Structure formats: C-alpha cells, structure tokens
Amino acid sequence: MNLTHKLISSHLTAGDAVAGAPITIAIDQTLTQDSTGTMAYLQLEALGVDKVRTKRSVAYIDHNMLQSGFENADDHAYIQSVALKHGVYVSKPGNGICHQVHLERFGVPGQTLTGSDSHTPTCGGIGMLAIGAGGLDVALAMARGTLNLAMPKVVEIRLSGKLKSNVTAKDVILEVLRRLSVKGGVGKVMEYTGDGVATLSVPERATIANMGAELGATTSVFPSDARTREFLAAQGRERDFVELAADKDALYDERVDIDLGAIVPLAAAPHMPDNVVEVATLAGKKIDQVCIGSCTDSSLLTMLKVAAALKGKRVHPDVSLTVNPGSRQVLTMLADCGALSDVLASGARVLECACGPCIGMGQSPKTGAVSLRTFNRNFYARSGTASAEVYLVSPLTAAYSAIAGAFTVPPENAALEKIKLPPRFDINDNLILKPEDFEAVEVVRGPNIKPFPVGKALGDRISARVSVVTGDNITTDDIMPSNAKLLPFRSNIPYLAGFCLSTVDAEFAERAKKFGESIIVGGENYGQGSSREHAALAPLQLGVRAVIVKSFARMHRDNLINSGILPLVFENPADYDGISSGDELEIAALDAVESGRAVVKNKTRNAEFIALLPLTARQKKILRAGGTVNMIKNGDAE
Ligand code: MIC
Ligand code: SF4
C-alpha cells in the first residue's frame with residue numbers, strides 16, 4: 001500500500017477506497033481561520049451541537065488583523081467565544097499563521113485534519129492526511145467527526161538527489177507546478193517518496209505540501225521519518241511521533257521523477273502559479289516590491305536563510321521589502337539569535353505574524369509595480385493592485401533581488417547549507433486558549449454578524465438567463481475578491497455579494513440581481529484556489545441557480561453543492577462557444593439531479609446541449625433540498 005491508502009484505510013468509515021468513489025473518513029483534527037471561521041461557526045451553531053467530536057479542533061485568528069473598523073474586532077470576539085463554547089482551542093491574533101502554528105504545535109503524523117482553508121495540506125509535511133474544505137464541511141467535521149470526499153488517485157512524486165545551496169523547497173514545488181499545471185492535481189493526492197525526501201526538513205516538506213493546493217490536489221503527503229521525529233522532539237512533542245511510509249512495493253496511479261539536484265531557481269510569472277520560468281531568464285528586470293512570508297514560506301529555516309542573505313547588505317533604495325515571520329515562535333527565535341537585527345539593519349519592514357499582504361491585507365504595490373513574493377498565489381488583482389505584476393519566488397531569490405533592485409539568481413553559497421533547525425524551539429503557548437468551563441462562555445455577536453443565505457428546494461425546472469460567461473481558470477479570488485476593504489465583511493454576505501465576480505465583469509452583481517434568478521457559464525478549472533464558501537454563498541445571495549463550466553476545482557464544486565447551486569459540466573466543451581450572456585436557458589433540474597445528465601435548452605438560440613452532473617447519493621439529497629443546511633433542517637438522514 002502507498003502511504004495515502006494507509007492513512008485513508010485507517011480512517012475509512014464508509015465507502016470503498018476505489019478512485020473516484022464516494023468515501024467518508026474519520027477526522028481527528030480540524031482548523032479554522034478568521035476569514036472563513038465566522039461562517040463555519042455560524043453553521044456549527046445552526047447544526048445545534050454542544051461540543052465538537054474531534055480529538056483536537058483549533059480556531060486561528062490570523063487573516064484579518066488590521067482592525068480598521070469594529071467589524072474585524074467583532075468577528076474576532078465572536079470566533080473566540082463561540083469556539084471556546086464548543087470545545088475548540090483558540091490561537092489568538094499574534095500567535096501566527098494557522099498552517100505554520102498547526103505544524104509547530106498540533107500536527108500529529110498519521111492523523112487526519114480538515115480545515116476551512118485551502119492550504120490545510122501544509123501538515124502533509126508532517127505525515128498527516130490534511131484536507132482543505134469549505135466552512136460548512138468543516139463545521140460538519142467538528143459536529144460529526146467525519147468528512148465526505150471522492151477517493152483520490154495517488155501520484156508518486158519520487159525525489160532523488162539533494163538541492164543546491166541556492167535552491168529551496170519553493171523551487172521544488174514550482175517545478176512540480178511547471179510540469180503538472182494548476183489543474184494537474186484535481187482528484188489526486190501527491191505522495192512524496194524516494195531518497196531525496198530525507199534531505200528535506202519538515203518545514204521544507206511543509207512548503208511543498210502547502211503549495212500542492214495550487215495543483216488543485218486533494219492533498220499532498222510526506223512520510224514520517226527520522227526528520228519528523230527530530231522536528232517533533234524540538235517542539236517538545238516527540239510523543240506524537242509515529243513512523244509512517246509507503247510499503248516498498250507500493251502501487252501508484254501515476255509517477256513523476258524529480259532530481260532535486262537538477263532544479264534551478266524558478267519564478268511563477270503573472271498571473272498563475274503554474275506560469276513558471278527560470279529566474280535566470282528574468283535576471284536584471286527591475287523590481288519595486290518584495291514580500292517574504294505567508295503560510296508557504298515563513299518558517300524559521302526560511303527566515304534564517306533570508307537573514308543570512310541580507311546580513312551586512314542594504315535593500316535597494318527603489319525597493320520596499322516586507323517580512324512576515326509565520327509565527328510568534330519564529331519571530332522570537334529570530335530575535336533571540338540576532339538574525340532579526342540583520343533583517344532590520346538591511347532596511348526590511350517587519351510585519352505582524354499573519355497572512356498580511358498574501359491576502360491583500362496591506363502592502364498593495366504601486367500602479368504597474370513588479371512585486372516578488374514568496375507566497376503561493378499570484379492570481380490577478382489578489383495583491384490589491386490589478387495592474388501589478390506579481391511573481392512567486394523562493395525566499396533566497398526574494399532576498400538577493402531585494403538587495404539588487406532587480407531579479408537576481410541567488411549565488412551558490414555553502415554557508416546557507418549549514419543553516420540548520422535548532423534542537424529545541426522556543427515553546428510558549430500563552431496565546432493559545434484551551435476550552436475549559438465552556439458551558440459558562442457567552443457567545444459575543446456584534447452587528448457585523450449577519451445571517452447567511454440559504455437556498456430553496458429544487459423545483460422541476462430552472463429557467464433563467466445567463467448572467468455572465470467567464471474564461472478559463474477563474475479563481476475564487478475572482479468570484480469573491482478578498483482584500484483590506486472586503487475581508488471585514490466575511491460575515492456579511494449581502495454586502496459582499498455586491499463585489500461578486502467584479503474582477504471579471506464589474507456589472508455582474510447588478511445584472512444578476514436584475515435577472516432575479518440566473519446561471520453562470522465558465523471555462524476550465526472554474527473556482528480554483530481558496531476554500532472560501534463565500535464564492536458560492538455570494539452567487540446564491542444574487543439568485544444564481546446553476547453554474548455550467550468545462551471543469552470545476554474540487555472545493556468550489558463542493559461549496560456550490562452545499563449551497564444548493566447545480567454544478568454542471570459541458571459534455572462537449574465546444575458547446576461553451578454557443579452561449580452568450582443574456583441567453584435564456586432551461587434545465588430539467590430534478591431529472592438532471594437524478595440521472596446525472598441534463599438536456600439544456602438555449603431558448604434564445606433555439607439550440608440544446610448536454611451537461612453532466614455526476615453526484616453521490618448524499619449530494620443528490622443536498623441538491624434536492626436546496627443545500628446542506630436545508631437537508632439537515634428537514635431531518636433528512638445522510
Ligand atoms: C487564501 O489564501 O486565499 C485564503 C484567504 O487563505 C483562503 C481562505 C479564505 O478565503 O478565507 C484559502 O486559501 O482557502
Ligand atoms: Fe494566509 Fe496566504 Fe496562507 Fe491563505 S495563502 S492562509 S492568505 S498566508
């Protein structure tokens with residue numbers, strides 16, 4: 001057996017572990033963060049559960065930290081109180097980014113984790129089966145201790161050799177993205193094997209597992225070995241260690257071979273993480289901004305390398321360099337060993353231990369700027385400046401380029417290889433609140449917390465106009481943009497809905513409202529990126545009843561189903577070309593849900609085409625009821 005099959009079969013509670021088949025797995029741990037968390041806990045409350053059923057659930061506050069109005073602070077107060085009331089640990093603002101902190105303080109090899117954030121797979125770096133999901137699915141996991149998913153295929157990524165001193169784990173995952181693309185992982189788990197694995201520390205593995213999300217993968221997983229034990233022991237958690245690996249003769253659905261020693265510094269060019277080129281081809285191109293941090297690249301190891309590169313140097317006068325250490329543990333240790341002084345002395349601006357610029361919370365670059373980021377997403381407009389060119393690079397490329405003021409291939413430097421993780425991390429959990437005496441906790445609800453929209457039971461027919469036709473690779477950042485102006489309204493769907501798909505078509509929200517009910521038409525990989533269910537709830541609020549596309553990203557499709565919106569796929573992708581905004585379509589909806597196939601009539605063009613709707617028995621029930629919340633309210637057993 002491969003490791004993925006071992007982890008799944010030890011947690012399987014229903015279904016057959018056959019690729020594509022619906023399965024249910026037991027969930028040991030959950031995580032939420034603040035920008036998806038308010039919705040997830042409102043839904044947990046709606047499920048009427050007193051206490052979570054998992055071994056460990058943690059609510060992080062790490063995304064929206066600006067508190068530029070009462071809304072944000074209201075959300076934090078709600079999350080803290082509602083989490084503690086339900087037996088969930090709380091990681092307070094300042095403690096760090098959820099995925100970094102979870103790896104440090106909570107991740108346990110061999111256990112399962114689901115989180116309301118697409119980068120939950122970060123803990124695959126420590127041998128967990130860690131899967132991102134929409135808030136409602138995470139609320140259900142907290143309430144029931146299970147998660148439903150389609151059994152993934154397993155891709156072996158066999159690593160050999162060793163990285164050169166100027167290449168980092170970020171370059172490894174960029175190489176994987178270059179080969180497989182942003183939809184190459186849909187329906188698959190990326191399992192890392194081979195001699196090369198032992199040359200990578202847990203934080204490096206975590207960087208690679210984290211950005212497996214950009215492949216569209218269900219998750220990524222590394223074995224749990226001597227390096228894992230070393231990391232856990234340094235975190236004072238050696239007791240959590242178990243050894244885990246694939247069997248020697250394990251079978252896989254596909255295999256990719258990567259020689260770590262052959263990888264060169266890479267960059268993902270605007271506006272997609274798979275638009276990968278060699279840094280050497282960009283060398284000398286002037287840059288304006290460099291941002292180092294995010295859940296994919298903000299570990300102590302990353303920061304120590306950055307500090308070593310910056311030591312005794314000065315950030316170029318035309319460049320703004322910001323650094324977000326991933327957790328308070330990282331920041332404290334950076335300060336204690338003096339490396340923080342090297343970073344500050346170079347002219348870098350040190351920001352809070354939080355997501356920060358990665359989700360457009362500040363540091364939007366200037367008009368037309370070239371911005372280098374160690375982050376995981378360079379989607380159009382995500383930085384808050386639509387005209388900016390955002391490149392994803394390794395922390396070494398970022399640091400050396402910040403000094404030069406232009407793209408620079410980091411020099412090979414043997415001293416960088418000597419940087420090792422400490423035998424003992426600084427352990428201080430005083431920003432983590434334990435759920436004790438939870439019955440006494442009173443849930444605090446400010447005026448920004450608004451009820452979420454709920455769909456309506458499916459009728460025989462959906463007859464509605466097409467409110468927009470989008471292209472390929474539409475991200476959830478397009479469907480429901482997030483930035484410093486919008487993130488405070490994550491618990492206010494009626495307000496957010498006004499900005500739905502605004503990066504694609506500024507008139508969309510108004511048009512959809514005018515149409516009353518409508519249908520979205522899209523291309524390949526529709527809904528890639530974030531787990532945010534707001535990208536389904538906002539269209540629901542605007543009356544969208546169905547989305548017809550060439551293909552879907554996993555989490556967005558699940559979120560549409562949970563919201564009661566039909567996710568249809570063109571049987572013949574060429575039929576996409578025959579539809580325009582404003583066309584009136586008719587779908588025999590109930591029949592389509594039953595049979596998995598719909599004849600869609602285009603009344604405006606007097607034409608018809610076939611759309612597919614492959615569903616599990618559970619998903620059929622959800623869509624008939626008009627969404628998961630309705631199904632549960634109806635008392636319909638799953
Ligand atoms: C992201 O990186 O896009 C986010 C913000 O972390 C999202 C979650 C959200 O939209 O709140 C994600 O990746 O799931
Ligand atoms: Fe936060 Fe960025 Fe990671 Fe999302 S990708 S969790 S916004 S750091």
# chains A, B, ... in the order shown; residues from 1 in each chain; ligands from 1
>>> select_by_dssp(residues="segment 200-313 of chain A", states="helix (DSSP H, G or I)", output="PyMOL selection string")
chain A and resi 202-215+226-234+238-240+260-262+279-281+300-310
>>> residues_near_ligand(ligand="ligand 1", cutoff="10 Å", atoms="only C-alpha atoms and all ligand atoms", output="PyMOL selection string")
chain A and resi 32-37+62-64+97-99+115-120+132-135+213-214+294-295+355+358-360+375-377+379+382+475-477+480-483+487+490+528-535+555
>>> residues_around(residues="segment 219-228 of chain A", least_positions_apart="6", cutoff="9 Å", atoms="only C-alpha atoms", output="number ranges by chain")
A: 3-4, 109-110, 119-132, 185, 188-193, 197-202, 205-206, 208-213, 241-246
>>> write_last_selection(atoms="N, CA and C atoms", output="short mmCIF file (atom, residue, chain, number, x, y, z; two decimals), in the first residue's frame")
data_model
loop_
_atom_site.label_atom_id
_atom_site.label_comp_id
_atom_site.auth_asym_id
_atom_site.auth_seq_id
_atom_site.Cartn_x
_atom_site.Cartn_y
_atom_site.Cartn_z
N LEU A 3 1.31 5.29 1.14
CA LEU A 3 1.01 5.92 2.44
C LEU A 3 -0.40 6.51 2.44
N THR A 4 -0.79 7.11 1.32
CA THR A 4 -2.13 7.71 1.24
C THR A 4 -3.19 6.65 1.52
N PRO A 109 1.56 13.07 13.09
CA PRO A 109 1.67 12.13 11.97
C PRO A 109 0.65 11.01 12.08
N GLY A 110 0.07 10.63 10.96
CA GLY A 110 -0.87 9.52 10.95
C GLY A 110 -2.30 9.94 11.22
N HIS A 119 -4.99 25.78 2.18
CA HIS A 119 -3.61 25.35 2.44
C HIS A 119 -3.47 24.44 3.67
N THR A 120 -4.58 23.89 4.13
CA THR A 120 -4.56 22.91 5.21
C THR A 120 -3.58 21.76 4.92
N PRO A 121 -3.38 21.36 3.64
CA PRO A 121 -2.42 20.28 3.36
C PRO A 121 -0.99 20.54 3.84
N THR A 122 -0.70 21.73 4.34
CA THR A 122 0.65 22.02 4.87
C THR A 122 1.09 20.91 5.83
N CYS A 123 0.16 20.43 6.65
CA CYS A 123 0.50 19.40 7.65
C CYS A 123 0.78 18.04 7.01
N GLY A 124 0.60 17.94 5.69
CA GLY A 124 1.08 16.76 4.97
C GLY A 124 2.59 16.65 5.11
N GLY A 125 3.24 17.76 5.41
CA GLY A 125 4.69 17.77 5.61
C GLY A 125 5.12 16.99 6.84
N ILE A 126 4.15 16.73 7.71
CA ILE A 126 4.47 16.01 8.95
C ILE A 126 3.78 14.63 8.95
N GLY A 127 3.32 14.20 7.77
CA GLY A 127 2.72 12.87 7.66
C GLY A 127 1.25 12.80 8.05
N MET A 128 0.56 13.95 8.00
CA MET A 128 -0.90 13.92 8.25
C MET A 128 -1.63 13.82 6.92
N LEU A 129 -2.85 13.31 6.94
CA LEU A 129 -3.72 13.41 5.78
C LEU A 129 -4.55 14.67 6.04
N ALA A 130 -4.16 15.77 5.41
CA ALA A 130 -4.71 17.09 5.75
C ALA A 130 -5.42 17.68 4.53
N ILE A 131 -6.71 17.93 4.66
CA ILE A 131 -7.53 18.28 3.50
C ILE A 131 -8.28 19.59 3.73
N GLY A 132 -8.20 20.51 2.77
CA GLY A 132 -8.95 21.76 2.86
C GLY A 132 -10.39 21.53 2.44
N GLY A 185 -3.52 18.42 -10.40
CA GLY A 185 -3.69 17.60 -9.20
C GLY A 185 -5.15 17.32 -8.85
N LYS A 188 -6.56 14.12 -7.04
CA LYS A 188 -5.37 13.31 -6.75
C LYS A 188 -4.70 13.74 -5.44
N VAL A 189 -3.97 12.79 -4.85
CA VAL A 189 -3.08 13.11 -3.73
C VAL A 189 -1.65 13.00 -4.26
N MET A 190 -0.82 13.97 -3.93
CA MET A 190 0.60 13.93 -4.31
C MET A 190 1.36 13.30 -3.16
N GLU A 191 1.93 12.15 -3.38
CA GLU A 191 2.67 11.48 -2.30
C GLU A 191 4.17 11.49 -2.62
N TYR A 192 4.96 12.06 -1.73
CA TYR A 192 6.40 12.22 -1.98
C TYR A 192 7.16 11.02 -1.42
N THR A 193 8.04 10.47 -2.24
CA THR A 193 8.83 9.30 -1.86
C THR A 193 10.26 9.49 -2.36
N VAL A 197 13.73 12.62 -0.12
CA VAL A 197 12.86 13.08 0.97
C VAL A 197 13.68 13.34 2.24
N ALA A 198 14.62 12.42 2.54
CA ALA A 198 15.39 12.54 3.79
C ALA A 198 16.28 13.78 3.80
N THR A 199 16.53 14.37 2.63
CA THR A 199 17.37 15.58 2.61
C THR A 199 16.55 16.83 2.94
N LEU A 200 15.24 16.67 3.05
CA LEU A 200 14.37 17.84 3.31
C LEU A 200 13.87 17.81 4.75
N SER A 201 13.96 18.97 5.44
CA SER A 201 13.45 19.06 6.81
C SER A 201 11.92 19.20 6.78
N VAL A 202 11.29 19.08 7.94
CA VAL A 202 9.82 19.20 7.99
C VAL A 202 9.33 20.54 7.43
N ARG A 205 9.40 20.35 3.70
CA ARG A 205 8.33 19.47 3.22
C ARG A 205 6.98 20.20 3.29
N ALA A 206 6.83 20.98 4.37
CA ALA A 206 5.56 21.70 4.55
C ALA A 206 5.35 22.74 3.45
N ILE A 208 6.33 22.48 0.41
CA ILE A 208 5.94 21.73 -0.80
C ILE A 208 4.49 21.25 -0.68
N ALA A 209 4.15 20.70 0.48
CA ALA A 209 2.78 20.20 0.68
C ALA A 209 1.78 21.35 0.61
N ASN A 210 2.16 22.49 1.19
CA ASN A 210 1.29 23.66 1.20
C ASN A 210 0.88 24.03 -0.22
N MET A 211 1.84 24.14 -1.10
CA MET A 211 1.55 24.63 -2.46
C MET A 211 1.03 23.55 -3.39
N GLY A 212 0.88 22.33 -2.87
CA GLY A 212 0.16 21.31 -3.63
C GLY A 212 -1.26 21.79 -3.87
N ALA A 213 -1.74 22.71 -3.01
CA ALA A 213 -3.08 23.29 -3.20
C ALA A 213 -3.16 23.97 -4.56
N PHE A 241 5.20 11.32 17.77
CA PHE A 241 5.83 10.74 16.59
C PHE A 241 5.38 9.29 16.35
N VAL A 242 5.08 8.97 15.11
CA VAL A 242 4.98 7.57 14.67
C VAL A 242 5.65 7.50 13.31
N GLU A 243 6.31 6.38 13.05
CA GLU A 243 6.96 6.24 11.76
C GLU A 243 5.92 5.82 10.71
N LEU A 244 5.96 6.45 9.56
CA LEU A 244 4.99 6.12 8.51
C LEU A 244 5.65 6.21 7.15
N ALA A 245 5.41 5.20 6.33
CA ALA A 245 5.95 5.24 4.96
C ALA A 245 5.12 4.30 4.10
N ALA A 246 5.24 4.46 2.80
CA ALA A 246 4.61 3.53 1.85
C ALA A 246 5.34 2.20 1.94
#
>>> closest_residue(among="A:Ser298, A:Asn525, A:Gln111, A:Asn324", to="Gly184 of chain A", atoms="only C-alpha atoms")
A:Asn525
>>> closest_residue(among="A:Pro265, A:Gly107, A:Arg597, A:Gly94", to="Val409 of chain A", atoms="only C-alpha atoms")
A:Pro265
>>> atom_distance(atom1="atom CA of Val186 of chain A", atom2="atom CA of Ser551 of chain A")
10.1 Å
>>> atom_distance(atom1="atom CA of Gly69 of chain A", atom2="atom CA of Leu496 of chain A")
16.1 Å
>>> residues_around(residues="Ala280 of chain A", least_positions_apart="4", cutoff="12 Å", atoms="only C-alpha atoms", output="ChimeraX atom specification")
/A:264-267,276,284-285,397,401,406-411
>>> closest_atom_pairs(of="segment 324-399 of chain A", to="segment 417-430 of chain A", cutoff="8 Å", atoms="only C-alpha atoms", output="Markdown table")
| residue | atom | partner | partner_atom | distance |
| --- | --- | --- | --- | --- |
| A:Gln329 | CA | A:Asp426 | CA | 6.1 |
| A:Thr332 | CA | A:Asp426 | CA | 7.5 |
| A:Met333 | CA | A:Asp426 | CA | 6.6 |
>>> write_last_selection(atoms="all heavy atoms", output="PDB file, in the first residue's frame")
ATOM      1  N   GLN A 329       6.617  32.035  17.436  1.00  0.00           N
ATOM      2  CA  GLN A 329       7.784  31.200  17.729  1.00  0.00           C
ATOM      3  C   GLN A 329       8.937  31.564  16.786  1.00  0.00           C
ATOM      4  O   GLN A 329      10.086  31.727  17.203  1.00  0.00           O
ATOM      5  CB  GLN A 329       7.421  29.723  17.567  1.00  0.00           C
ATOM      6  CG  GLN A 329       8.540  28.786  17.940  1.00  0.00           C
ATOM      7  CD  GLN A 329       8.184  27.335  17.650  1.00  0.00           C
ATOM      8  OE1 GLN A 329       8.148  26.907  16.507  1.00  0.00           O
ATOM      9  NE2 GLN A 329       7.918  26.572  18.703  1.00  0.00           N
ATOM     10  N   THR A 332      10.253  35.140  17.657  1.00  0.00           N
ATOM     11  CA  THR A 332      11.009  35.153  18.913  1.00  0.00           C
ATOM     12  C   THR A 332      12.400  34.567  18.700  1.00  0.00           C
ATOM     13  O   THR A 332      13.406  35.122  19.163  1.00  0.00           O
ATOM     14  CB  THR A 332      10.269  34.302  19.978  1.00  0.00           C
ATOM     15  OG1 THR A 332       8.935  34.768  20.055  1.00  0.00           O
ATOM     16  CG2 THR A 332      10.914  34.412  21.345  1.00  0.00           C
ATOM     17  N   MET A 333      12.445  33.451  17.992  1.00  0.00           N
ATOM     18  CA  MET A 333      13.737  32.781  17.827  1.00  0.00           C
ATOM     19  C   MET A 333      14.657  33.569  16.896  1.00  0.00           C
ATOM     20  O   MET A 333      15.876  33.578  17.080  1.00  0.00           O
ATOM     21  CB  MET A 333      13.524  31.362  17.322  1.00  0.00           C
ATOM     22  CG  MET A 333      12.791  30.549  18.378  1.00  0.00           C
ATOM     23  SD  MET A 333      12.687  28.839  17.987  1.00  0.00           S
ATOM     24  CE  MET A 333      14.369  28.321  18.170  1.00  0.00           C
TER      25      MET A 333
END
>>> closest_residue(among="A:Leu331, A:Leu501, A:Ala19, A:Leu340", to="Ala381 of chain A", atoms="only C-alpha atoms")
A:Leu501
>>> closest_residue(among="A:Ala464, A:Ile474, A:Met303, A:Cys337", to="Pro395 of chain A", atoms="only C-alpha atoms")
A:Met303
>>> atom_distance(atom1="atom CA of Gln541 of chain A", atom2="atom CA of Thr38 of chain A")
17.3 Å
>>> closest_residue(among="A:Asp195, A:Glu442, A:Asp577, A:Asp478", to="Ile79 of chain A", atoms="only C-alpha atoms")
A:Glu442
>>> residues_around(residues="Ala73 of chain A", least_positions_apart="3", cutoff="12 Å", atoms="only C-alpha atoms", output="ChimeraX atom specification")
/A:34,38,61,64-70,76-80,92-93,444-449,488-489
>>> decode(residues="segment 231-254 of chain A", atoms="N, CA and C atoms", output="CSV table (one decimal), in the first residue's frame")
chain,number,residue,atom,x,y,z
A,231,PHE,N,12.0,17.0,14.3
A,231,PHE,CA,11.2,18.2,14.4
A,231,PHE,C,10.2,18.2,15.6
A,232,LEU,N,9.6,17.1,15.8
A,232,LEU,CA,8.6,17.0,16.9
A,232,LEU,C,9.3,17.1,18.2
A,233,ALA,N,10.5,16.4,18.3
A,233,ALA,CA,11.3,16.5,19.6
A,233,ALA,C,11.7,17.9,19.9
A,234,ALA,N,12.1,18.6,18.8
A,234,ALA,CA,12.5,20.0,19.0
A,234,ALA,C,11.3,20.9,19.4
A,235,GLN,N,10.1,20.4,19.1
A,235,GLN,CA,8.8,21.2,19.5
A,235,GLN,C,8.3,20.6,20.9
A,236,GLY,N,9.1,19.7,21.5
A,236,GLY,CA,8.7,19.2,22.8
A,236,GLY,C,7.5,18.2,22.6
A,237,ARG,N,7.4,17.6,21.4
A,237,ARG,CA,6.3,16.7,21.2
A,237,ARG,C,6.7,15.4,20.6
A,238,GLU,N,7.8,14.8,21.1
A,238,GLU,CA,8.3,13.6,20.5
A,238,GLU,C,7.3,12.5,20.7
A,239,ARG,N,6.5,12.6,21.7
A,239,ARG,CA,5.5,11.5,22.0
A,239,ARG,C,4.4,11.4,20.8
A,240,ASP,N,4.3,12.5,20.1
A,240,ASP,CA,3.3,12.4,18.9
A,240,ASP,C,3.9,11.7,17.7
A,241,PHE,N,5.2,11.3,17.8
A,241,PHE,CA,5.8,10.7,16.6
A,241,PHE,C,5.4,9.3,16.4
A,242,VAL,N,5.1,9.0,15.1
A,242,VAL,CA,5.0,7.6,14.7
A,242,VAL,C,5.6,7.5,13.3
A,243,GLU,N,6.3,6.4,13.1
A,243,GLU,CA,7.0,6.2,11.8
A,243,GLU,C,5.9,5.8,10.7
A,244,LEU,N,6.0,6.4,9.6
A,244,LEU,CA,5.0,6.1,8.5
A,244,LEU,C,5.7,6.2,7.2
A,245,ALA,N,5.4,5.2,6.3
A,245,ALA,CA,5.9,5.2,5.0
A,245,ALA,C,5.1,4.3,4.1
A,246,ALA,N,5.2,4.5,2.8
A,246,ALA,CA,4.6,3.5,1.9
A,246,ALA,C,5.3,2.2,1.9
A,247,ASP,N,4.7,1.1,1.6
A,247,ASP,CA,5.3,-0.2,1.5
A,247,ASP,C,6.4,-0.1,0.4
A,248,LYS,N,7.4,-1.0,0.4
A,248,LYS,CA,8.5,-0.9,-0.6
A,248,LYS,C,7.9,-1.1,-2.0
A,249,ASP,N,6.9,-2.0,-2.1
A,249,ASP,CA,6.4,-2.3,-3.4
A,249,ASP,C,5.0,-1.6,-3.7
A,250,ALA,N,4.9,-0.5,-3.0
A,250,ALA,CA,3.6,0.2,-3.1
A,250,ALA,C,3.2,0.6,-4.6
A,251,LEU,N,1.9,0.6,-4.9
A,251,LEU,CA,1.4,0.9,-6.2
A,251,LEU,C,0.9,2.3,-6.2
A,252,TYR,N,1.0,3.0,-7.4
A,252,TYR,CA,0.5,4.3,-7.5
A,252,TYR,C,-0.2,4.4,-8.9
A,253,ASP,N,-1.1,5.5,-9.0
A,253,ASP,CA,-1.8,5.7,-10.3
A,253,ASP,C,-0.9,6.3,-11.3
A,254,GLU,N,0.0,7.2,-10.8
A,254,GLU,CA,0.9,7.9,-11.8
A,254,GLU,C,2.3,8.1,-11.0
